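Next comes final-v1.tsv, with TSV, C-alpha atoms and all ligand atoms.
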```
chain	number	residue	atom	x	y	z
A	1	SER	CA	30.31	61.61	17.94
A	2	HIS	CA	31.25	57.98	18.24
A	3	ILE	CA	28.14	56.15	17.10
A	4	GLN	CA	27.82	52.69	18.46
A	5	LEU	CA	25.11	50.82	16.62
A	6	CYS	CA	23.46	48.43	18.94
A	7	ILE	CA	20.57	47.39	16.81
A	8	HIS	CA	17.55	45.75	18.31
A	9	PHE	CA	16.02	44.07	15.32
A	10	SER	CA	12.29	43.96	15.50
A	11	SER	CA	11.18	40.38	15.01
A	12	LYS	CA	10.84	39.29	11.41
A	13	GLU	CA	7.06	39.42	11.30
A	14	GLU	CA	7.23	43.01	12.43
A	15	SER	CA	9.26	43.89	9.40
A	16	LEU	CA	7.62	47.06	8.19
A	17	GLY	CA	7.08	46.07	4.64
A	18	GLN	CA	8.92	45.03	1.56
A	19	GLY	CA	10.96	47.15	-0.77
A	20	SER	CA	11.67	45.56	-4.11
A	21	PHE	CA	14.88	43.82	-2.96
A	22	THR	CA	14.99	44.90	0.62
A	23	ARG	CA	13.27	44.22	3.90
A	24	ILE	CA	12.79	47.07	6.32
A	25	PHE	CA	12.80	46.87	10.11
A	26	LYS	CA	12.46	49.36	12.88
A	27	GLY	CA	15.43	49.54	15.20
A	28	CYS	CA	17.28	51.95	17.42
A	29	LYS	CA	20.79	53.24	17.60
A	30	THR	CA	22.51	54.30	20.77
A	31	ASP	CA	24.97	57.16	20.75
A	32	ILE	CA	27.24	57.82	23.65
A	33	ARG	CA	27.88	61.58	23.53
A	34	ASP	CA	29.80	63.31	26.36
A	35	GLY	CA	29.00	60.35	28.55
A	36	GLU	CA	25.29	60.78	27.81
A	37	LYS	CA	23.33	57.93	26.27
A	38	HIS	CA	21.07	58.95	23.34
A	39	VAL	CA	18.75	56.40	21.77
A	40	THR	CA	17.34	57.23	18.32
A	41	GLU	CA	14.76	55.31	16.38
A	42	VAL	CA	16.15	54.11	13.06
A	43	LEU	CA	14.87	52.33	9.99
A	44	LEU	CA	16.93	49.38	8.90
A	45	LYS	CA	16.90	48.43	5.24
A	46	GLU	CA	18.28	44.95	4.84
A	47	LEU	CA	19.34	43.98	1.33
A	48	ASP	CA	18.15	40.46	0.53
A	49	VAL	CA	21.16	38.19	0.53
A	50	VAL	CA	20.07	36.70	-2.79
A	51	HIS	CA	20.61	40.06	-4.44
A	52	LYS	CA	24.28	40.12	-3.47
A	53	ASN	CA	25.07	41.38	-6.96
A	54	CYS	CA	23.09	44.55	-6.23
A	55	TRP	CA	25.09	45.43	-3.16
A	56	GLU	CA	27.29	48.00	-4.90
A	57	SER	CA	24.25	49.96	-6.11
A	58	PHE	CA	22.81	49.54	-2.59
A	59	PHE	CA	25.97	51.22	-1.21
A	60	GLU	CA	25.84	53.78	-4.02
A	61	ALA	CA	22.31	54.76	-2.98
A	62	ALA	CA	23.37	54.99	0.67
A	63	SER	CA	26.51	56.99	-0.02
A	64	LEU	CA	24.61	59.34	-2.35
A	65	MET	CA	22.19	60.17	0.44
A	66	SER	CA	24.87	60.44	3.12
A	67	GLN	CA	27.01	62.86	1.05
A	68	ILE	CA	24.37	65.59	0.89
A	69	SER	CA	21.99	66.96	3.43
A	70	HIS	CA	18.78	68.84	2.78
A	71	LYS	CA	15.62	69.14	4.87
A	72	HIS	CA	13.62	67.13	2.31
A	73	LEU	CA	16.23	64.41	1.81
A	74	LEU	CA	16.20	61.34	4.05
A	75	LEU	CA	19.07	61.20	6.56
A	76	VAL	CA	21.16	58.07	6.12
A	77	TYR	CA	23.37	57.28	9.14
A	78	GLY	CA	25.42	54.71	7.30
A	79	VAL	CA	25.65	51.14	6.16
A	80	SER	CA	26.68	48.19	8.24
A	81	VAL	CA	27.75	44.89	6.82
A	82	HIS	CA	26.78	42.28	9.36
A	83	GLY	CA	28.54	39.30	7.94
A	84	VAL	CA	26.40	38.35	4.95
A	85	LYS	CA	23.80	41.05	5.60
A	86	ASN	CA	24.06	44.56	4.14
A	87	ILE	CA	22.02	46.95	6.23
A	88	MET	CA	21.41	50.63	5.55
A	89	VAL	CA	20.63	52.61	8.69
A	90	GLN	CA	18.43	55.64	8.09
A	91	GLU	CA	16.34	58.00	10.17
A	92	PHE	CA	12.96	56.55	11.02
A	93	VAL	CA	10.30	58.69	9.35
A	94	LYS	CA	7.13	58.62	11.42
A	95	TYR	CA	4.34	57.98	8.88
A	96	GLY	CA	6.23	55.90	6.31
A	97	ALA	CA	5.78	55.76	2.55
A	98	LEU	CA	3.39	58.32	1.03
A	99	ASP	CA	1.73	55.91	-1.44
A	100	LEU	CA	0.59	53.65	1.41
A	101	TYR	CA	-0.51	56.67	3.46
A	102	LEU	CA	-2.67	57.97	0.59
A	103	LYS	CA	-4.05	54.49	-0.19
A	104	ARG	CA	-5.17	54.15	3.41
A	105	GLY	CA	-7.88	56.59	2.37
A	106	ARG	CA	-6.65	59.59	4.34
A	107	SER	CA	-8.65	62.41	2.76
A	108	VAL	CA	-6.15	65.17	2.18
A	109	SER	CA	-6.91	68.55	0.63
A	110	VAL	CA	-5.68	69.90	-2.72
A	111	SER	CA	-3.44	72.38	-0.89
A	112	TRP	CA	-1.95	69.47	1.11
A	113	LYS	CA	-1.11	67.66	-2.16
A	114	LEU	CA	0.30	70.82	-3.78
A	115	ASP	CA	2.44	71.46	-0.71
A	116	VAL	CA	3.88	67.92	-0.91
A	117	ALA	CA	4.53	68.37	-4.66
A	118	LYS	CA	6.31	71.67	-3.96
A	119	GLN	CA	8.51	70.07	-1.28
A	120	LEU	CA	9.48	67.33	-3.75
A	121	ALA	CA	10.20	69.99	-6.41
A	122	SER	CA	12.49	71.84	-3.97
A	123	ALA	CA	14.36	68.59	-3.20
A	124	LEU	CA	14.74	68.00	-6.96
A	125	ASN	CA	15.93	71.58	-7.43
A	126	PHE	CA	18.58	71.00	-4.75
A	127	LEU	CA	19.72	67.77	-6.43
A	128	GLU	CA	19.75	69.52	-9.85
A	129	GLU	CA	21.98	72.29	-8.48
A	130	LYS	CA	24.38	69.58	-7.30
A	131	ASN	CA	23.98	67.83	-10.63
A	132	ILE	CA	22.89	64.66	-8.81
A	133	VAL	CA	20.43	62.30	-10.47
A	134	HIS	CA	18.14	60.50	-8.03
A	135	GLY	CA	16.77	58.00	-10.53
A	136	ASN	CA	13.84	56.62	-8.57
A	137	ILE	CA	11.38	59.40	-7.82
A	138	CYS	CA	7.98	57.93	-6.94
A	139	ALA	CA	5.40	58.18	-4.15
A	140	LYS	CA	6.74	54.99	-2.56
A	141	ASN	CA	10.05	56.81	-2.06
A	142	LEU	CA	8.41	59.85	-0.46
A	143	LEU	CA	8.27	59.47	3.31
A	144	LEU	CA	5.83	61.43	5.44
A	145	ALA	CA	7.51	62.94	8.50
A	146	ARG	CA	4.58	65.12	9.55
A	147	GLU	CA	0.90	64.63	8.64
A	148	GLY	CA	0.05	68.30	8.87
A	149	ASP	CA	-3.40	69.53	9.72
A	150	PRO	CA	-4.46	72.57	7.66
A	151	SER	CA	-7.24	73.32	10.18
A	152	GLN	CA	-4.40	73.82	12.67
A	153	GLY	CA	-2.42	75.60	9.96
A	154	SER	CA	0.30	72.95	10.09
A	155	PHE	CA	1.48	71.42	6.82
A	156	PRO	CA	2.75	67.97	5.82
A	157	PHE	CA	6.50	67.38	5.65
A	158	ILE	CA	8.06	64.83	3.30
A	159	LYS	CA	11.53	63.33	2.92
A	160	LEU	CA	12.77	61.89	-0.36
A	161	SER	CA	14.13	58.42	0.32
A	162	ASP	CA	17.24	56.81	-1.13
A	163	PRO	CA	16.90	55.73	-4.76
A	164	GLY	CA	17.15	52.13	-3.57
A	165	ILE	CA	18.60	49.56	-5.92
A	166	SER	CA	19.64	51.50	-9.00
A	167	VAL	CA	17.09	51.37	-11.80
A	168	VAL	CA	19.55	49.38	-13.90
A	169	MET	CA	19.10	46.53	-11.42
A	170	LEU	CA	15.36	46.89	-11.10
A	171	VAL	CA	13.23	45.31	-13.78
A	172	ILE	CA	13.12	48.55	-15.75
A	173	LEU	CA	9.78	47.67	-17.34
A	174	ASP	CA	8.41	47.48	-13.82
A	175	ARG	CA	9.36	51.12	-13.48
A	176	ILE	CA	7.04	52.21	-16.33
A	177	PRO	CA	5.64	54.92	-16.19
A	178	TRP	CA	8.01	56.41	-13.62
A	179	VAL	CA	11.16	55.69	-15.63
A	180	ALA	CA	11.70	58.12	-18.51
A	181	PRO	CA	11.30	56.54	-21.98
A	182	GLU	CA	14.91	57.31	-23.02
A	183	VAL	CA	16.13	55.20	-20.05
A	184	LEU	CA	14.62	52.08	-21.60
A	185	GLU	CA	16.92	52.61	-24.58
A	186	ALA	CA	20.07	53.15	-22.52
A	187	PRO	CA	19.63	52.49	-18.76
A	188	ASP	CA	22.93	54.05	-17.76
A	189	ASN	CA	22.37	57.42	-19.43
A	190	MET	CA	20.10	58.55	-16.60
A	191	THR	CA	19.98	62.34	-16.65
A	192	LEU	CA	18.47	65.09	-14.50
A	193	GLU	CA	15.65	65.30	-17.08
A	194	CYS	CA	14.69	61.71	-16.19
A	195	ASP	CA	13.91	62.88	-12.67
A	196	LYS	CA	11.57	65.53	-14.15
A	197	TRP	CA	9.64	62.80	-15.99
A	198	SER	CA	9.37	60.79	-12.73
A	199	PHE	CA	8.30	63.96	-10.90
A	200	GLY	CA	5.34	64.22	-13.31
A	201	ALA	CA	4.32	60.61	-12.68
A	202	THR	CA	4.67	61.14	-8.90
A	203	VAL	CA	2.46	64.26	-8.89
A	204	TRP	CA	-0.09	62.21	-10.85
A	205	GLU	CA	0.07	59.56	-8.07
A	206	ILE	CA	-0.35	62.17	-5.33
A	207	PHE	CA	-3.52	63.48	-7.03
A	208	ASN	CA	-4.83	59.95	-7.58
A	209	ASN	CA	-4.86	58.78	-3.96
A	210	GLY	CA	-1.50	57.07	-4.21
A	211	ASN	CA	-2.68	54.70	-6.93
A	212	ALA	CA	0.11	53.75	-9.30
A	213	PRO	CA	-0.35	55.06	-12.85
A	214	LEU	CA	-1.09	52.28	-15.38
A	215	ARG	CA	-2.10	50.13	-12.40
A	216	GLY	CA	-3.23	46.75	-13.65
A	217	CYS	CA	-1.54	47.10	-17.05
A	218	ASP	CA	0.70	44.20	-18.02
A	219	LEU	CA	4.25	44.61	-19.34
A	220	GLU	CA	3.04	44.53	-22.95
A	221	GLN	CA	0.60	47.40	-22.35
A	222	LYS	CA	3.28	49.32	-20.42
A	223	GLN	CA	5.64	49.07	-23.38
A	224	GLN	CA	2.81	50.14	-25.71
A	225	PHE	CA	2.29	53.22	-23.52
A	226	TYR	CA	5.76	54.46	-24.48
A	227	GLU	CA	5.73	53.19	-28.04
A	228	ASN	CA	2.51	55.11	-28.75
A	229	PHE	CA	3.79	58.23	-26.94
A	230	GLN	CA	0.81	58.07	-24.59
A	231	GLN	CA	0.14	60.36	-21.65
A	232	LEU	CA	-1.41	59.50	-18.28
A	233	PRO	CA	-5.16	60.23	-17.95
A	234	PRO	CA	-5.29	64.03	-17.52
A	235	SER	CA	-6.66	65.68	-14.39
A	236	GLN	CA	-9.82	67.80	-14.77
A	237	TRP	CA	-7.69	70.65	-13.45
A	238	THR	CA	-6.18	71.78	-16.74
A	239	GLU	CA	-3.23	73.70	-15.25
A	240	LEU	CA	-2.26	70.62	-13.18
A	241	ALA	CA	-2.67	68.33	-16.20
A	242	ASP	CA	-0.47	70.74	-18.21
A	243	LEU	CA	2.32	70.65	-15.62
A	244	ILE	CA	2.25	66.84	-15.49
A	245	SER	CA	2.33	66.50	-19.28
A	246	GLN	CA	5.14	69.09	-19.59
A	247	CYS	CA	7.23	67.01	-17.15
A	248	MET	CA	6.33	63.83	-19.02
A	249	ASP	CA	7.37	65.18	-22.40
A	250	TYR	CA	8.91	62.46	-24.59
A	251	GLN	CA	11.54	65.05	-25.62
A	252	ALA	CA	13.74	65.26	-22.51
A	253	ALA	CA	15.04	68.72	-23.46
A	254	PHE	CA	11.48	70.13	-23.52
A	255	ARG	CA	10.83	69.19	-19.88
A	256	PRO	CA	10.61	72.27	-17.62
A	257	SER	CA	13.41	73.38	-15.32
A	258	CYS	CA	12.91	72.93	-11.57
A	259	ARG	CA	12.45	76.68	-11.27
A	260	SER	CA	9.65	76.60	-13.82
A	261	ILE	CA	8.05	73.63	-12.02
A	262	ILE	CA	8.15	75.51	-8.71
A	263	ARG	CA	6.74	78.66	-10.38
A	264	GLN	CA	3.86	76.68	-11.89
A	265	LEU	CA	3.18	74.97	-8.54
A	266	ASN	CA	3.06	78.39	-6.86
A	267	SER	CA	0.42	79.58	-9.32
A	268	LEU	CA	-1.59	76.37	-8.76
A	269	ILE	CA	-1.39	77.03	-5.01
A	270	THR	CA	-2.57	80.62	-5.52
A	271	SER	CA	-5.49	79.66	-7.75
A	272	ASP	CA	-6.48	76.94	-5.24
A	273	LYS	CA	-6.50	79.58	-2.47
A	274	ASN	CA	-8.60	81.94	-4.63
A	275	ARG	CA	-11.03	79.12	-5.45
A	276	LYS	CA	-11.48	78.37	-1.75
A	277	MET	CA	-11.91	82.06	-0.90
A	278	LEU	CA	-14.48	82.42	-3.70
A	279	CYS	CA	-16.37	79.34	-2.42
A	280	THR	CA	-16.51	80.67	1.14
A	281	PHE	CA	-17.58	84.05	-0.24
A	282	ILE	CA	-20.39	82.48	-2.27
A	283	HIS	CA	-21.54	80.30	0.65
A	284	GLU	CA	-21.70	83.23	3.07
A	301	LIG	N1	3.12	51.44	9.48
A	301	LIG	C1	4.14	51.99	9.31
A	301	LIG	C2	5.39	52.66	9.09
A	301	LIG	C3	6.34	52.12	8.22
A	301	LIG	C4	7.56	52.77	8.02
A	301	LIG	C5	7.81	53.97	8.69
A	301	LIG	N2	9.01	54.69	8.55
A	301	LIG	C6	9.91	54.62	7.52
A	301	LIG	N3	11.07	55.30	7.68
A	301	LIG	C7	12.00	55.23	6.66
A	301	LIG	N4	13.18	55.88	6.81
A	301	LIG	C8	11.74	54.51	5.50
A	301	LIG	C9	10.52	53.85	5.42
A	301	LIG	N5	10.16	53.12	4.30
A	301	LIG	C10	8.95	52.52	4.06
A	301	LIG	C11	9.04	51.91	2.82
A	301	LIG	C12	10.32	52.16	2.35
A	301	LIG	C13	10.88	51.67	1.02
A	301	LIG	O1	11.62	52.70	0.42
A	301	LIG	N6	11.00	52.91	3.22
A	301	LIG	N7	9.62	53.92	6.41
A	301	LIG	C14	6.83	54.53	9.53
A	301	LIG	C15	5.63	53.86	9.75
```

What is this file in C-alpha cells?
Amino acid sequence: SHIQLCIHFSSKEESLGQGSFTRIFKGCKTDIRDGEKHVTEVLLKELDVVHKNCWESFFEAASLMSQISHKHLLLVYGVSVHGVKNIMVQEFVKYGALDLYLKRGRSVSVSWKLDVAKQLASALNFLEEKNIVHGNICAKNLLLAREGDPSQGSFPFIKLSDPGISVVMLVILDRIPWVAPEVLEAPDNMTLECDKWSFGATVWEIFNNGNAPLRGCDLEQKQQFYENFQQLPPSQWTELADLISQCMDYQAAFRPSCRSIIRQLNSLITSDKNRKMLCTFIHE
C-alpha cells in the first residue's frame, strides 16, 4: 500500500525516553488503502544530529530489521530523512522496554520470566538460521507487547528491538557485560556466538528485576571482570545459573546452540511447573 507518513511528533518533553544516541517519540502514520484511511501508532527513533557519523549504522540496524519478519522481531516500517533528521519509524510496542518494566517493580512469576527468555531464544534461533548477528541483545532492547496474566492463562509477549547504533559505535566498554569478551579485542568480528553471550547476560537481567549486571561498577572494574574471566553472581537455581554460565563461556565455541538453549529452558519450565504442583500438593 502507499504509505504516507504524516507524523504528528509528540512535543519534545513527551519524548518517551533516551536511547544511547537516539530520542524516541510516539507518533502515528496514516495509510490510505483502497480509499480507506488507517491510522497506526508508531514509535519514532530520532538519531541525534550530533551523531551524524553513526547514521550508516543507524540505517544498517533499520534495514536489518526491515529485511526479515518474525513474530518476536520488532516491525520497522522504514526510515525517513527529514532534512537533517534521521528518523526510524517502527511499530509502537505497548509496554515499552523490558528493563524499565521490571524495574518498576512489577512482580512477575518465574514462569513469566522463563517464557520471556524462551521467546528471546526463539528469536535468536531464527536469526541464527538466517546467519544474522543482532549484536545488541539486552533487556533494554526487549519490548513488551503484552503483559500477560498467568491467572488468566495469558502469557507475556516480547519483541526484540533493532540493534540500535552498532556496537562498534557505542562505547564498547559501556556494553560490558553484554558484549562478548572477544568483541573487545576485535569489534568487527561480531559472530552469532556473541549473541549467545549477550543472551546469558539478558536472562540474568530478567531474573534480577531488570537490574543491569555489574551495576555501579566503573570502567576499570568492568575491564577487570573480563580480564579475570569472572562470571555474574550465580542464581540460587543451579540449573538456571548453569545455563547462564554456559552462554557466558569465555570460549565462544563452547557456548550452547540455540536448540540446546531452548531445550534447557524447556526443562527449567517443566521443573518450575513440578515445583508449583508439589507446593500446592503440600499445602492442600
Ligand atoms: N511509558 C512508556 C512507553 C515507552 C515506549 C513504548 N513503546 C516502545 N515501542 C517501541 N517500538 C520502542 C520503544 N523503545 C523504548 C526504548 C527503546 C530504545 O531501544 N525503544 N518503546 C511504550 C510505552

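Going from atom CA of A:Leu278 to atom CA of A:Lys113 covers 20.0 Å.
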
Discussion item. Please find the residues contacting ligand LIG 301 (chain A) at a distance of at most 6 Å between atoms, with all atoms listed in the file counted, and report them as a list of chain:residue names.
Written reply: A:Leu16, A:Gly19, A:Leu43, A:Gln90, A:Glu91, A:Phe92, A:Val93, A:Lys94, A:Tyr95, A:Gly96, A:Ala97, A:Asn141

Practice prompt. Mind listing whatever residues come within 7 Å of the point (15.9, 55.5, 1.2)? Use only C-alpha atoms, file coordinates, and give them as a ChimeraX atom specification.
Written response: /A:74,141,161-164

Worksheet item: By how many Å are atom CA of A:Asn189 and atom CA of A:Ile262 apart?
Response: 25.4 Å

Item to complete: For A:Gln236, please output as a PyMOL selection string all residues within 12 Å (counting all atoms listed in the file; exclusion window: fewer than 6 positions along the same chain).
Response: chain A and resi 204+207-208+242

Contact residues around A:Glu220 with only C-alpha atoms at 12 Å, ignoring same-chain residues under 5 positions, as an mmCIF file with C-alpha atoms, keeping the file's coordinate frame:
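The resulting file, result.cif, is shown below:
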```
data_model
loop_
_atom_site.group_PDB
_atom_site.id
_atom_site.type_symbol
_atom_site.label_atom_id
_atom_site.label_comp_id
_atom_site.auth_asym_id
_atom_site.auth_seq_id
_atom_site.Cartn_x
_atom_site.Cartn_y
_atom_site.Cartn_z
ATOM 1 C CA LEU A 173 9.780 47.670 -17.340
ATOM 2 C CA ASP A 174 8.410 47.480 -13.820
ATOM 3 C CA ILE A 176 7.040 52.210 -16.330
ATOM 4 C CA LEU A 214 -1.090 52.280 -15.380
ATOM 5 C CA PHE A 225 2.290 53.220 -23.520
ATOM 6 C CA TYR A 226 5.760 54.460 -24.480
ATOM 7 C CA GLU A 227 5.730 53.190 -28.040
#
```

Item to complete: For A:Phe126, list every protein, DNA or RNA residue within 10 Å, evaluated using only C-alpha atoms, and leave out those in the same chain fewer than 6 positions away; present the list as a ChimeraX atom specification.
Response: /A:68-70,72-73,120,132,258

Discussion item. List the spatial neighbours of A:Lys103 as number ranges by chain - criterion: any atom at most 8 Å away, all atoms listed in the file, same-chain residues fewer than 4 positions off excluded.
Written reply: A: 99, 209-211

Worksheet item: In Å, how far is it from atom CA of A:Leu102 to atom CA of A:Thr191?
Response: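 These two atoms are separated by 28.8 Å.
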
Let me have the centre and edge lengths of the axis-aligned box enclosing all listed atoms of stretch 113-132 of chain A with 6 Å padding on every side, in Å to one decimal, as lines of an AutoDock Vina configuration file.
```
center_x = 11.6
center_y = 68.5
center_z = -5.7
size_x = 37.5
size_y = 19.6
size_z = 21.9
```

Worksheet item: Hey, which of A:Asp115, A:Asp249, A:Asp218, A:Asp149 ends up closest to A:Glu182? Count all atoms listed in the file.
Response: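 For A:Glu182, the nearest of the given residues is A:Asp249.
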
Worksheet item: Of the candidates A:Arg215, A:Lys196, A:Arg255, A:Arg106, which one gets nearest to A:Glu128 if we count all atoms listed in the file?
Response: A:Lys196

Item to complete: Would you please work out which residue, of A:Asp188, A:Asp195, A:Glu239, A:Glu46, is nearest to A:Asn131 when using all atoms listed in the file?
Response: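 Distance minimum relative to A:Asn131 lands on A:Asp195.
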
Practice prompt. Identify, on the basis of all atoms listed in the file, every residue whose closest approach to stretch 150-153 of chain A does not exceed 10 Å; exclude the query and any residue fewer than 4 positions from it along the same chain; express the result as number ranges by chain.
Written response: A: 108-109, 111-112

Write the residues of the selection above to a file with C-alpha atoms, as an mmCIF file, in the coordinates of the input.
```cif
data_model
loop_
_atom_site.group_PDB
_atom_site.id
_atom_site.type_symbol
_atom_site.label_atom_id
_atom_site.label_comp_id
_atom_site.auth_asym_id
_atom_site.auth_seq_id
_atom_site.Cartn_x
_atom_site.Cartn_y
_atom_site.Cartn_z
ATOM 1 C CA VAL A 108 -6.150 65.170 2.180
ATOM 2 C CA SER A 109 -6.910 68.550 0.630
ATOM 3 C CA SER A 111 -3.440 72.380 -0.890
ATOM 4 C CA TRP A 112 -1.950 69.470 1.110
#
```

Incomplete stretch 209-223 of chain A filled out to N, CA, C and O atoms as an mmCIF file, in the coordinates of the input:
```
data_model
loop_
_atom_site.group_PDB
_atom_site.id
_atom_site.type_symbol
_atom_site.label_atom_id
_atom_site.label_comp_id
_atom_site.auth_asym_id
_atom_site.auth_seq_id
_atom_site.Cartn_x
_atom_site.Cartn_y
_atom_site.Cartn_z
ATOM 1 N N ASN A 209 -4.817 59.555 -5.212
ATOM 2 C CA ASN A 209 -4.860 58.780 -3.960
ATOM 3 C C ASN A 209 -3.779 57.715 -3.837
ATOM 4 O O ASN A 209 -4.027 56.625 -3.347
ATOM 5 N N GLY A 210 -2.612 58.002 -4.375
ATOM 6 C CA GLY A 210 -1.500 57.070 -4.210
ATOM 7 C C GLY A 210 -1.565 55.870 -5.131
ATOM 8 O O GLY A 210 -0.729 54.984 -5.072
ATOM 9 N N ASN A 211 -2.588 55.827 -5.986
ATOM 10 C CA ASN A 211 -2.680 54.700 -6.930
ATOM 11 C C ASN A 211 -1.625 54.838 -8.020
ATOM 12 O O ASN A 211 -1.424 55.915 -8.558
ATOM 13 N N ALA A 212 -0.958 53.731 -8.297
ATOM 14 C CA ALA A 212 0.110 53.750 -9.300
ATOM 15 C C ALA A 212 -0.506 54.010 -10.677
ATOM 16 O O ALA A 212 -1.558 53.461 -11.008
ATOM 17 N N PRO A 213 0.132 54.862 -11.482
ATOM 18 C CA PRO A 213 -0.350 55.060 -12.850
ATOM 19 C C PRO A 213 -0.203 53.737 -13.631
ATOM 20 O O PRO A 213 0.682 52.955 -13.321
ATOM 21 N N LEU A 214 -1.082 53.517 -14.557
ATOM 22 C CA LEU A 214 -1.090 52.280 -15.380
ATOM 23 C C LEU A 214 -1.232 51.053 -14.464
ATOM 24 O O LEU A 214 -0.762 49.961 -14.782
ATOM 25 N N ARG A 215 -1.866 51.250 -13.318
ATOM 26 C CA ARG A 215 -2.100 50.130 -12.400
ATOM 27 C C ARG A 215 -2.891 49.062 -13.160
ATOM 28 O O ARG A 215 -3.799 49.398 -13.900
ATOM 29 N N GLY A 216 -2.465 47.822 -13.015
ATOM 30 C CA GLY A 216 -3.230 46.750 -13.650
ATOM 31 C C GLY A 216 -2.838 46.495 -15.090
ATOM 32 O O GLY A 216 -3.273 45.520 -15.696
ATOM 33 N N CYS A 217 -2.000 47.367 -15.673
ATOM 34 C CA CYS A 217 -1.540 47.100 -17.050
ATOM 35 C C CYS A 217 -0.425 46.064 -16.992
ATOM 36 O O CYS A 217 0.397 46.087 -16.087
ATOM 37 N N ASP A 218 -0.401 45.184 -18.015
ATOM 38 C CA ASP A 218 0.700 44.200 -18.020
ATOM 39 C C ASP A 218 1.898 44.812 -18.753
ATOM 40 O O ASP A 218 1.828 45.929 -19.265
ATOM 41 N N LEU A 219 2.995 44.066 -18.799
ATOM 42 C CA LEU A 219 4.250 44.610 -19.340
ATOM 43 C C LEU A 219 4.054 45.037 -20.793
ATOM 44 O O LEU A 219 4.528 46.099 -21.211
ATOM 45 N N GLU A 220 3.288 44.241 -21.522
ATOM 46 C CA GLU A 220 3.040 44.530 -22.950
ATOM 47 C C GLU A 220 2.386 45.906 -23.085
ATOM 48 O O GLU A 220 2.864 46.781 -23.814
ATOM 49 N N GLN A 221 1.318 46.122 -22.289
ATOM 50 C CA GLN A 221 0.600 47.400 -22.350
ATOM 51 C C GLN A 221 1.500 48.546 -21.896
ATOM 52 O O GLN A 221 1.433 49.651 -22.449
ATOM 53 N N LYS A 222 2.385 48.260 -20.908
ATOM 54 C CA LYS A 222 3.280 49.320 -20.420
ATOM 55 C C LYS A 222 4.242 49.719 -21.542
ATOM 56 O O LYS A 222 4.492 50.900 -21.775
ATOM 57 N N GLN A 223 4.732 48.736 -22.275
ATOM 58 C CA GLN A 223 5.640 49.070 -23.380
ATOM 59 C C GLN A 223 4.880 49.832 -24.466
ATOM 60 O O GLN A 223 5.397 50.806 -25.018
#
```
